[in-house]
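Q: Here it is, the structure, as structure tokens.
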Amino acid sequence: MAEKPLRLLACGDVEGKFDVLFNRVRAIQKKSGNFDLLLCVGNFFGSAPDAEWEEYKTGIKKAPIQTYVLGANNQETVKYFQDADGCELAENITYLGRKGVFTGSSGLQIVYLSGTESSNEPVPGYSFSPKDVSSLRTMLCAIPQFKGVDILLTSPWPKYVGNFGNSSGEVDTKKCGSALVSSLATGLKPRYHFAALEKTYYERLPYRNHIVLQENAQHATRFIALANVGNPEKKKYLYAFSIVPMKLMDAAELVKQPPDVTENPYRKSGKEAFVGRQTPAPEEESACQFFFDLNERQGRKRSSTGRESKSSPHPKQPRKPPQPPGPCWFCLASPEVEKHLVVNIGTHCYLALAKGGLSDDHVLILPIGHYQSVVDLSAEVVEEVEKYKATLRRFFKSRGKRCILFERNYKSHHLQLQVIPVPLSRCATDDIKDAFITQAQEQQIELLEIPEHSDIKQIAQPGAAYFYVELDTGEKLFHRIKKNFPLQFGREVLASEAILNIPDKSDWRQCQTSKEEEEALARRFRKDFEPFDFTVDE
């Protein structure tokens, strides 16, 4: 028999507007039935006179629901929270405490952390320290077979929460919020995380807590930031949801992934582990050192000739790519490069027509420096690869085509991201996907579908051989190459009767043309691509 879910309400900054909040709760309960708890994050008390609060404190008025609140976020309101371990503030209104775990009779587990981040010693009464976060994490993560918690309540947003997710509006999550809260969320893996203080509503897409294909599936986390009560813009400040405590759920049901799940926003890229997995002691490192640096890179433009424009006020030395062991056909500085095929040059990458391409506009995205695969790319190169991918999608869409991308990191020394346009009239994306899967099965190749928002760097380790396809819908297919792999597999699928119907072009060596013809094709592509070229200086 399925467990009956608890019905909860979460609220943002109340700021002393108790009547507005509780009247709204009464209206909701009258319409939708009673809720079990109300959880308040952010500033519960405001700067206005205490007359309204006195009515609740003395029992003249009563909260219509059992209400749990976090503590002070400023010196002005510390006076209301005298007991650091929590206490009843008024009938039906309870202060949870500075930090800790609240477990209800149902088994619902709520972790709470009051205040804002501080690295000062002694820590002010309205703040938490790295030591507070470390002790909270250690207490919970030391539990045998710890899977996570049901709910995490903090007042500040976690820093970087917007990474890989939907837009957080005017809040810049790379600058706002607390890195310590991000560390706590990383370790505790809450199913729901509520925060406030930024006076806006933001419901982030759910994010996963495991690495696809490398770790067992775990539950997803939903982060919700709530606005202030009674705000004139009518931004959402109350959030209603139902939840069955984790300990009562079937394991398979718990780890079901929502269709819009994204990567974990606090995860390091590539082969590195989750941020904050090992929270250092506060005397060893400051809070900002728990996390990888996600400050925005000061970008520099490169003209179509490849020359950099004026450097930024704060130039950053890019990491030098590894040097090729010998001559390389694709390093742009190499004399072996057939430069007449190059059609566009960016700061870190360039576009070239494929030699013996499946079509006249079959192109390659290549790093200027020597990188073997996408997994090996530095952050700034990845950024420009993504920009080229998005631009090429727009370019081909304007010409009635969809583009399919694939990479084969096997018996190759320099990354070649193949971009093949397919006329929209030829077939649907699902047909292309089915063709790849069918031909893979015929050749006993295990081609797995991976989540749309997943990062290839979090699935394949540097040096690992793999084949990877990205469809125009964002869907991705991945094969980990363990022994042998047909070198022309990607071309064979796209050249097949089901897609382009040019099976005689499955081997590039059968498609070569003269240098003069290649030069003419390159000139035409440059001209057609010019309106979409993002590398030209503004």
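Ordering of the structure tokens sets the chain letters (A, B, ...); residue numbers start at 1 within each chain; ligands are numbered from 1 in the order shown.
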Neighbours of Arg524 of chain A within 10 Å (only C-alpha atoms; same-chain residues fewer than 5 positions away dropped), as a list in words?

A: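 The residues satisfying every condition are Val343, Asp360, Asp361, Glu518, Glu519 and Phe529 of chain A.
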
Q: As a PyMOL selection string, which residues of segment 43-239 of chain A does DSSP assign to strand (DSSP E or B)?

A: chain A and resi 67-69+87-90+93-95+99-103+109-113+116-117+127-128+151-154+158+178+192-195+202-203+207-208+220-225+238-239

Q: Those residues you just picked out, can you put them in a file as a JSON list (two decimals), in the first residue's frame with C-alpha atoms?

A:
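As a result, again-v8.json now contains:
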[["chain", "number", "residue", "atom", "x", "y", "z"],
["A", 67, "THR", "CA", 4.86, 26.82, 11.42],
["A", 68, "TYR", "CA", 8.64, 26.32, 11.58],
["A", 69, "VAL", "CA", 10.99, 29.27, 10.97],
["A", 87, "CYS", "CA", 12.17, 27.29, 20.92],
["A", 88, "GLU", "CA", 8.46, 28.08, 20.60],
["A", 89, "LEU", "CA", 8.04, 31.75, 19.65],
["A", 90, "ALA", "CA", 4.24, 31.74, 19.81],
["A", 93, "ILE", "CA", 5.18, 29.07, 15.56],
["A", 94, "THR", "CA", 8.51, 27.36, 16.34],
["A", 95, "TYR", "CA", 12.07, 28.56, 15.79],
["A", 99, "LYS", "CA", 21.48, 24.44, 12.73],
["A", 100, "GLY", "CA", 20.36, 20.86, 13.00],
["A", 101, "VAL", "CA", 17.97, 18.13, 11.88],
["A", 102, "PHE", "CA", 14.24, 18.03, 12.53],
["A", 103, "THR", "CA", 12.64, 14.61, 12.12],
["A", 109, "GLN", "CA", 13.83, 14.64, 7.70],
["A", 110, "ILE", "CA", 14.38, 18.40, 7.50],
["A", 111, "VAL", "CA", 17.87, 19.90, 7.79],
["A", 112, "TYR", "CA", 18.03, 23.59, 8.68],
["A", 113, "LEU", "CA", 20.78, 26.21, 8.72],
["A", 116, "THR", "CA", 24.01, 34.13, 6.43],
["A", 117, "GLU", "CA", 27.56, 33.04, 5.66],
["A", 127, "SER", "CA", 25.54, 33.95, 10.73],
["A", 128, "PHE", "CA", 26.96, 30.47, 10.18],
["A", 151, "ILE", "CA", 14.27, 18.91, 2.80],
["A", 152, "LEU", "CA", 17.03, 21.49, 3.28],
["A", 153, "LEU", "CA", 16.10, 24.95, 4.59],
["A", 154, "THR", "CA", 18.55, 27.86, 4.25],
["A", 158, "PRO", "CA", 23.49, 28.34, -2.83],
["A", 178, "SER", "CA", 26.70, 31.22, -0.31],
["A", 192, "TYR", "CA", 13.84, 19.82, -1.87],
["A", 193, "HIS", "CA", 15.96, 22.87, -1.03],
["A", 194, "PHE", "CA", 14.23, 26.15, -0.14],
["A", 195, "ALA", "CA", 15.88, 29.58, 0.20],
["A", 202, "TYR", "CA", 13.04, 30.92, -8.92],
["A", 203, "GLU", "CA", 12.22, 27.25, -9.39],
["A", 207, "TYR", "CA", 19.27, 18.29, -10.95],
["A", 208, "ARG", "CA", 20.74, 14.83, -10.54],
["A", 220, "ALA", "CA", 17.01, 14.36, -7.99],
["A", 221, "THR", "CA", 17.06, 17.67, -6.10],
["A", 222, "ARG", "CA", 14.60, 20.53, -6.63],
["A", 223, "PHE", "CA", 15.78, 23.99, -5.60],
["A", 224, "ILE", "CA", 13.08, 26.63, -5.04],
["A", 225, "ALA", "CA", 13.74, 30.24, -4.04],
["A", 238, "LEU", "CA", 4.19, 30.40, -1.07],
["A", 239, "TYR", "CA", 4.96, 26.98, -2.52]]

Q: What separation in Å, quoted to one decimal, exists between atom CA of Leu353 of chain A and atom CA of Phe395 of chain A?

A: 14.8 Å

Q: Contacts of Asn344 of chain A at 10 Å or less, counting only C-alpha atoms, minus same-chain residues fewer than 3 places along, as a list in words?

A: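 Skipping anything fewer than 3 positions along the chain leaves Ser303, Ser304, Thr305, Gly306, Leu341, Cys349, Tyr350, Leu351, Ala352, Leu353, Ile365, Ala522, Phe525, Arg526, Phe529, Glu530, Asp533, Phe534, Thr535 and Val536 of chain A.
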
Q: Output N, CA, C and O atoms for every residue in that selection, as a PDB file, in the first residue's frame.

A:
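Resulting contents of again.pdb:
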ATOM      1  N   SER A 303      39.165  37.993 -34.836  1.00  0.00           N
ATOM      2  CA  SER A 303      38.600  38.298 -36.145  1.00  0.00           C
ATOM      3  C   SER A 303      38.645  37.052 -37.008  1.00  0.00           C
ATOM      4  O   SER A 303      39.268  36.051 -36.668  1.00  0.00           O
ATOM      5  N   SER A 304      37.997  37.117 -38.154  1.00  0.00           N
ATOM      6  CA  SER A 304      37.944  35.943 -39.028  1.00  0.00           C
ATOM      7  C   SER A 304      39.316  35.593 -39.586  1.00  0.00           C
ATOM      8  O   SER A 304      39.515  34.527 -40.134  1.00  0.00           O
ATOM      9  N   THR A 305      40.280  36.492 -39.409  1.00  0.00           N
ATOM     10  CA  THR A 305      41.640  36.173 -39.859  1.00  0.00           C
ATOM     11  C   THR A 305      42.417  35.429 -38.795  1.00  0.00           C
ATOM     12  O   THR A 305      43.520  34.969 -39.028  1.00  0.00           O
ATOM     13  N   GLY A 306      41.821  35.352 -37.582  1.00  0.00           N
ATOM     14  CA  GLY A 306      42.500  34.627 -36.524  1.00  0.00           C
ATOM     15  C   GLY A 306      43.272  35.515 -35.594  1.00  0.00           C
ATOM     16  O   GLY A 306      43.853  35.045 -34.629  1.00  0.00           O
ATOM     17  N   LEU A 341      40.846  24.333 -46.847  1.00  0.00           N
ATOM     18  CA  LEU A 341      39.575  23.805 -46.370  1.00  0.00           C
ATOM     19  C   LEU A 341      39.038  24.568 -45.149  1.00  0.00           C
ATOM     20  O   LEU A 341      37.889  24.385 -44.762  1.00  0.00           O
ATOM     21  N   CYS A 349      38.935  27.619 -31.517  1.00  0.00           N
ATOM     22  CA  CYS A 349      38.518  26.566 -32.448  1.00  0.00           C
ATOM     23  C   CYS A 349      38.447  27.115 -33.867  1.00  0.00           C
ATOM     24  O   CYS A 349      38.479  28.326 -34.083  1.00  0.00           O
ATOM     25  N   TYR A 350      38.334  26.195 -34.812  1.00  0.00           N
ATOM     26  CA  TYR A 350      38.117  26.629 -36.193  1.00  0.00           C
ATOM     27  C   TYR A 350      37.203  25.636 -36.892  1.00  0.00           C
ATOM     28  O   TYR A 350      37.001  24.511 -36.419  1.00  0.00           O
ATOM     29  N   LEU A 351      36.608  26.095 -37.999  1.00  0.00           N
ATOM     30  CA  LEU A 351      35.757  25.245 -38.832  1.00  0.00           C
ATOM     31  C   LEU A 351      36.495  24.924 -40.117  1.00  0.00           C
ATOM     32  O   LEU A 351      37.150  25.799 -40.689  1.00  0.00           O
ATOM     33  N   ALA A 352      36.348  23.698 -40.557  1.00  0.00           N
ATOM     34  CA  ALA A 352      36.932  23.309 -41.840  1.00  0.00           C
ATOM     35  C   ALA A 352      35.959  22.387 -42.553  1.00  0.00           C
ATOM     36  O   ALA A 352      35.232  21.619 -41.916  1.00  0.00           O
ATOM     37  N   LEU A 353      35.935  22.482 -43.879  1.00  0.00           N
ATOM     38  CA  LEU A 353      35.152  21.514 -44.645  1.00  0.00           C
ATOM     39  C   LEU A 353      35.780  20.137 -44.481  1.00  0.00           C
ATOM     40  O   LEU A 353      37.016  20.002 -44.439  1.00  0.00           O
ATOM     41  N   ILE A 365      34.272  20.792 -36.557  1.00  0.00           N
ATOM     42  CA  ILE A 365      34.685  21.751 -35.526  1.00  0.00           C
ATOM     43  C   ILE A 365      35.955  21.172 -34.919  1.00  0.00           C
ATOM     44  O   ILE A 365      35.963  20.039 -34.428  1.00  0.00           O
ATOM     45  N   ALA A 522      34.776  25.728 -50.388  1.00  0.00           N
ATOM     46  CA  ALA A 522      35.128  26.496 -49.189  1.00  0.00           C
ATOM     47  C   ALA A 522      34.741  27.965 -49.354  1.00  0.00           C
ATOM     48  O   ALA A 522      34.216  28.589 -48.414  1.00  0.00           O
ATOM     49  N   PHE A 525      30.995  28.247 -48.919  1.00  0.00           N
ATOM     50  CA  PHE A 525      30.561  28.091 -47.523  1.00  0.00           C
ATOM     51  C   PHE A 525      30.863  29.356 -46.721  1.00  0.00           C
ATOM     52  O   PHE A 525      30.025  29.811 -45.937  1.00  0.00           O
ATOM     53  N   ARG A 526      32.053  29.928 -46.918  1.00  0.00           N
ATOM     54  CA  ARG A 526      32.421  31.153 -46.186  1.00  0.00           C
ATOM     55  C   ARG A 526      31.416  32.255 -46.458  1.00  0.00           C
ATOM     56  O   ARG A 526      30.983  32.973 -45.548  1.00  0.00           O
ATOM     57  N   PHE A 529      28.044  31.451 -44.807  1.00  0.00           N
ATOM     58  CA  PHE A 529      28.121  31.439 -43.339  1.00  0.00           C
ATOM     59  C   PHE A 529      28.341  32.838 -42.753  1.00  0.00           C
ATOM     60  O   PHE A 529      28.093  33.063 -41.558  1.00  0.00           O
ATOM     61  N   GLU A 530      28.783  33.756 -43.590  1.00  0.00           N
ATOM     62  CA  GLU A 530      29.182  35.093 -43.106  1.00  0.00           C
ATOM     63  C   GLU A 530      28.132  35.781 -42.230  1.00  0.00           C
ATOM     64  O   GLU A 530      28.478  36.344 -41.186  1.00  0.00           O
ATOM     65  N   ASP A 533      28.447  34.531 -38.643  1.00  0.00           N
ATOM     66  CA  ASP A 533      29.791  34.468 -38.078  1.00  0.00           C
ATOM     67  C   ASP A 533      29.892  35.296 -36.790  1.00  0.00           C
ATOM     68  O   ASP A 533      29.798  36.517 -36.817  1.00  0.00           O
ATOM     69  N   PHE A 534      30.094  34.625 -35.653  1.00  0.00           N
ATOM     70  CA  PHE A 534      30.200  35.331 -34.368  1.00  0.00           C
ATOM     71  C   PHE A 534      31.638  35.753 -34.059  1.00  0.00           C
ATOM     72  O   PHE A 534      31.894  36.414 -33.051  1.00  0.00           O
ATOM     73  N   THR A 535      32.598  35.360 -34.916  1.00  0.00           N
ATOM     74  CA  THR A 535      34.001  35.650 -34.611  1.00  0.00           C
ATOM     75  C   THR A 535      34.445  37.028 -35.100  1.00  0.00           C
ATOM     76  O   THR A 535      35.508  37.504 -34.718  1.00  0.00           O
ATOM     77  N   VAL A 536      33.637  37.659 -35.949  1.00  0.00           N
ATOM     78  CA  VAL A 536      34.017  38.966 -36.485  1.00  0.00           C
ATOM     79  C   VAL A 536      33.868  40.016 -35.393  1.00  0.00           C
ATOM     80  O   VAL A 536      32.868  40.070 -34.684  1.00  0.00           O
TER      81      VAL A 536
END

Q: Skip segment 72-81 of chain A itself and residues of its chain fewer than 2 positions away, then list as an MDAnalysis selection string all residues within 6 Å of it, counting only C-alpha atoms.

A: chainID A and resid 83 115:116 126

Q: Kindly save the residues from that selection, with all heavy atoms included, as a PDB file, in the first residue's frame.

A:
ATOM      1  N   ASP A  83      17.225  31.493  22.088  1.00  0.00           N
ATOM      2  CA  ASP A  83      17.728  30.142  22.322  1.00  0.00           C
ATOM      3  C   ASP A  83      18.304  29.572  21.034  1.00  0.00           C
ATOM      4  O   ASP A  83      17.575  29.321  20.075  1.00  0.00           O
ATOM      5  CB  ASP A  83      16.595  29.246  22.836  1.00  0.00           C
ATOM      6  CG  ASP A  83      17.100  27.891  23.321  1.00  0.00           C
ATOM      7  OD1 ASP A  83      18.227  27.504  22.949  1.00  0.00           O
ATOM      8  OD2 ASP A  83      16.352  27.220  24.064  1.00  0.00           O
ATOM      9  N   GLY A 115      20.644  31.872   9.261  1.00  0.00           N
ATOM     10  CA  GLY A 115      21.597  32.962   9.106  1.00  0.00           C
ATOM     11  C   GLY A 115      22.256  33.038   7.747  1.00  0.00           C
ATOM     12  O   GLY A 115      21.898  32.330   6.803  1.00  0.00           O
ATOM     13  N   THR A 116      23.244  33.918   7.662  1.00  0.00           N
ATOM     14  CA  THR A 116      24.009  34.129   6.433  1.00  0.00           C
ATOM     15  C   THR A 116      25.460  33.721   6.654  1.00  0.00           C
ATOM     16  O   THR A 116      25.909  33.600   7.794  1.00  0.00           O
ATOM     17  CB  THR A 116      23.961  35.612   6.016  1.00  0.00           C
ATOM     18  OG1 THR A 116      24.422  36.422   7.116  1.00  0.00           O
ATOM     19  CG2 THR A 116      22.544  36.044   5.654  1.00  0.00           C
ATOM     20  N   TYR A 126      23.821  36.067  13.875  1.00  0.00           N
ATOM     21  CA  TYR A 126      22.930  35.920  12.723  1.00  0.00           C
ATOM     22  C   TYR A 126      23.640  35.251  11.549  1.00  0.00           C
ATOM     23  O   TYR A 126      23.213  35.359  10.405  1.00  0.00           O
ATOM     24  CB  TYR A 126      22.396  37.293  12.282  1.00  0.00           C
ATOM     25  CG  TYR A 126      23.484  38.322  12.022  1.00  0.00           C
ATOM     26  CD1 TYR A 126      24.097  38.418  10.776  1.00  0.00           C
ATOM     27  CD2 TYR A 126      23.904  39.174  13.027  1.00  0.00           C
ATOM     28  CE1 TYR A 126      25.109  39.336  10.548  1.00  0.00           C
ATOM     29  CE2 TYR A 126      24.906  40.115  12.804  1.00  0.00           C
ATOM     30  CZ  TYR A 126      25.504  40.189  11.563  1.00  0.00           C
ATOM     31  OH  TYR A 126      26.513  41.095  11.335  1.00  0.00           O
TER      32      TYR A 126
END

Q: Rank nothing, just name the residue among A:Asp13, A:Asp376, A:Glu54, A:Asp19 nearest to Pro156 of chain A, using only C-alpha atoms.

A: A:Asp13

Q: Would you kindly return, as JSON, numbers by chain, each protein, DNA or RNA residue with an atom no farther than 7 Å from any atom of Leu70 of chain A, considering only C-alpha atoms and excluding same-chain residues fewer than 4 positions away?

A: {"A": [40, 41, 42, 95, 96, 97, 114]}

Q: With N, CA and C atoms retained, could you export that selection as a short mmCIF file (atom, residue, chain, number, x, y, z; two decimals), in the first residue's frame?

A:
data_model
loop_
_atom_site.label_atom_id
_atom_site.label_comp_id
_atom_site.auth_asym_id
_atom_site.auth_seq_id
_atom_site.Cartn_x
_atom_site.Cartn_y
_atom_site.Cartn_z
N CYS A 40 9.20 28.31 6.89
CA CYS A 40 9.54 29.68 6.50
C CYS A 40 11.06 29.87 6.45
N VAL A 41 11.55 30.34 5.31
CA VAL A 41 12.98 30.65 5.14
C VAL A 41 13.14 32.15 4.93
N GLY A 42 14.35 32.66 5.11
CA GLY A 42 14.57 34.09 4.93
C GLY A 42 14.27 34.85 6.21
N TYR A 95 10.74 28.28 16.34
CA TYR A 95 12.07 28.56 15.79
C TYR A 95 12.87 27.26 15.83
N LEU A 96 13.37 26.82 14.68
CA LEU A 96 14.06 25.54 14.59
C LEU A 96 15.40 25.54 15.32
N GLY A 97 16.15 26.65 15.26
CA GLY A 97 17.46 26.73 15.87
C GLY A 97 18.51 27.17 14.88
N SER A 114 20.35 28.30 9.89
CA SER A 114 19.89 29.68 10.01
C SER A 114 21.02 30.67 9.72
#

Q: Can you tell me, as a PyMOL selection string, which residues in segment 354-518 of chain A count as helix (DSSP H, G or I) by DSSP?

A: chain A and resi 374-376+379-398+429-442+456-458+489-495+503-505+508-510+515-518

Q: As an MDAnalysis selection string, please: the residues near Leu188 of chain A (cut-off 9 Å, only C-alpha atoms, same-chain neighbours under 3 positions excluded).

A: chainID A and resid 111 137 140:141 146:149 152 183:185

Q: Set the distance at 12 Å and use only C-alpha atoms: which residues neighbour Met249 of chain A once local chain neighbours fewer than 3 positions away are removed? I'd like the list as a list in words.

A: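 So, after excluding close chain neighbours, the residues are Met1, Ala2, Glu3, Lys4, Pro5, Gly107, Leu108, Asp150, His219, Ile243, Val244, Pro245, Met246, Ala252, Glu253, Leu254, Val255 and Lys256 of chain A.
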
Q: Looking at only C-alpha atoms, which of A:Thr262, A:Ser425, A:Thr186, A:Thr347 is the one that sits closest to Leu500 of chain A?

A: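 Looking only at the distances to Leu500 of chain A, the closest residue turns out to be A:Ser425.
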
Q: For atom CA of Gly86 of chain A and atom CA of Ile28 of chain A, quote the distance in Å rounded to one decimal.

A: 27.8 Å

Q: By how many Å are atom CA of Phe478 of chain A and atom CA of Ala498 of chain A apart?

A: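 Atom CA of Ala498 of chain A lies at a distance of 20.4 Å from atom CA of Phe478 of chain A.
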